[in-house]
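Since the structure comes first, as structure tokens, the remarks are kept for the end.
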Amino acid sequence: MRESAARAGRRPRWWVELLLIGVVYGAYSCGRLLARGDVGTAVEHGLAILRLETSLGLDAEHQLNRLFTGTPALGIPADFAYASLHYLVTPAVLIWLFRRRPGRYRAARTWLMVSTLLGLVGFTLLPTCPPRLLDARHGFVDTMAQFSSYGWWGAEASAPRGMGAMTNQYAAMPSLHVGWALWCGVMLWRYGRTPLLKALGVAYPLLTTVVVMGTANHYFLDAVAGAAVMGLGLWLAGPVMRLADRLRLPVVGNRAPIVGGGWETSAGERIPGQRSSSASADDTPAPAR
């Protein structure tokens, strides 16, 4: 119990965290590229989602997309938000937690990483064509292509011009733009000490949901799936951390290994950390001689 509390309050090593996050994100990015799937299948999945939303009256993407494409004052900032905030806000919140809430950082980081890998499973099992890549008869306009002259992106999602081959445009389900934004929102709401941070915690995931739909990059159900993936990741984060602790620190019973435990020493000889048979129940060390 004491050891767990001490570990929870200890600040992680920054270089270990940077390496771990880099490895997980690299695996996610490479896996995302490899999980492209068949284009025809991805289009079928996208149309199936659209039909389901229409039958349920949830297809707000059309109205938002028309608003963004017809109003450059909304569409252009939305494109910038889609292309940048996903990669800026999430690392910023991680750094903020690392510096200001070190005791909460490990659980938060694990939650984010587990959810991200679950998202990769979704991309693999359900390649989905985003609204912007459907045939024009379905009524969607790619706002990022329409306003590409204002930013660094081209006509291939948020990838910089000439780098479209480095992104999987059919990884729409679930929306990790929404998932990561929800994670950021929870962190800001839960650990922010000012009303401004808490307000940002509410506004950021809601704004991200509107942006991904208005720019025709995701369906509403993609956003719902992104939130569901984060919920599952939160549920799995605890078991993942406990497993990592077991792999990192073998234990004897419910206690850490004892240095020299089980070995005999000559009279008067002591091994640092070895308990004597007369040690008190609370392991209070004997006074120095």
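Each chain in the structure tokens gets a letter, A, B and so on, in the order shown; residues start at 1 in every chain, and ligands are counted from 1 in the order they appear.
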Name all residues at most 7 Å from A:Asn65 (count only C-alpha atoms; drop same-chain ones fewer than 2 positions away) and give them as an MDAnalysis selection string.
chainID A and resid 61:63 67:69 140:141 213:216
Any chance you could export the current selection's N, CA and C atoms as a PDB file, in the first residue's frame?
ATOM      1  N   GLU A  61     -24.548  16.110 -40.244  1.00  0.00           N
ATOM      2  CA  GLU A  61     -23.350  16.439 -41.023  1.00  0.00           C
ATOM      3  C   GLU A  61     -23.680  17.317 -42.236  1.00  0.00           C
ATOM      4  N   HIS A  62     -24.791  17.042 -42.904  1.00  0.00           N
ATOM      5  CA  HIS A  62     -25.136  17.799 -44.107  1.00  0.00           C
ATOM      6  C   HIS A  62     -25.302  19.283 -43.795  1.00  0.00           C
ATOM      7  N   GLN A  63     -26.080  19.604 -42.769  1.00  0.00           N
ATOM      8  CA  GLN A  63     -26.326  21.001 -42.429  1.00  0.00           C
ATOM      9  C   GLN A  63     -25.047  21.709 -42.008  1.00  0.00           C
ATOM     10  N   LEU A  67     -23.047  24.758 -43.993  1.00  0.00           N
ATOM     11  CA  LEU A  67     -22.735  25.997 -43.280  1.00  0.00           C
ATOM     12  C   LEU A  67     -21.258  26.334 -43.395  1.00  0.00           C
ATOM     13  N   PHE A  68     -20.394  25.352 -43.230  1.00  0.00           N
ATOM     14  CA  PHE A  68     -18.946  25.603 -43.269  1.00  0.00           C
ATOM     15  C   PHE A  68     -18.472  25.928 -44.685  1.00  0.00           C
ATOM     16  N   THR A  69     -18.999  25.220 -45.679  1.00  0.00           N
ATOM     17  CA  THR A  69     -18.551  25.487 -47.052  1.00  0.00           C
ATOM     18  C   THR A  69     -19.111  26.793 -47.589  1.00  0.00           C
ATOM     19  N   PHE A 140     -21.943  16.075 -49.903  1.00  0.00           N
ATOM     20  CA  PHE A 140     -20.873  16.578 -49.048  1.00  0.00           C
ATOM     21  C   PHE A 140     -19.785  17.259 -49.871  1.00  0.00           C
ATOM     22  N   VAL A 141     -19.191  18.298 -49.291  1.00  0.00           N
ATOM     23  CA  VAL A 141     -18.077  19.021 -49.908  1.00  0.00           C
ATOM     24  C   VAL A 141     -16.879  18.943 -48.970  1.00  0.00           C
ATOM     25  N   MET A 213     -17.441  17.082 -38.031  1.00  0.00           N
ATOM     26  CA  MET A 213     -18.640  16.863 -38.835  1.00  0.00           C
ATOM     27  C   MET A 213     -18.783  17.942 -39.907  1.00  0.00           C
ATOM     28  N   GLY A 214     -18.556  19.195 -39.548  1.00  0.00           N
ATOM     29  CA  GLY A 214     -18.721  20.291 -40.500  1.00  0.00           C
ATOM     30  C   GLY A 214     -17.719  20.261 -41.634  1.00  0.00           C
ATOM     31  N   THR A 215     -16.509  19.754 -41.365  1.00  0.00           N
ATOM     32  CA  THR A 215     -15.501  19.643 -42.417  1.00  0.00           C
ATOM     33  C   THR A 215     -15.664  18.363 -43.227  1.00  0.00           C
ATOM     34  N   ALA A 216     -16.672  17.555 -42.898  1.00  0.00           N
ATOM     35  CA  ALA A 216     -16.987  16.303 -43.604  1.00  0.00           C
ATOM     36  C   ALA A 216     -15.888  15.256 -43.459  1.00  0.00           C
TER      37      ALA A 216
END
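For the choices A:Phe123, A:Tyr150, A:Trp111, A:Tyr105, the atom-to-atom distance to A:Phe80 is smallest for A:Tyr150 when using only C-alpha atoms.
When only C-alpha atoms are used to measure the gap to A:Met173, the shortest distance among A:Leu56, A:Leu94, A:Ala203, A:Leu120 belongs to A:Leu120.
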Excluding A:Ser175 and any residue of its chain fewer than 5 positions from it, enumerate the residues within 9 Å of it, using only C-alpha atoms, and give them as an MDAnalysis selection string.
chainID A and resid 119 180 212 218:219 221:227
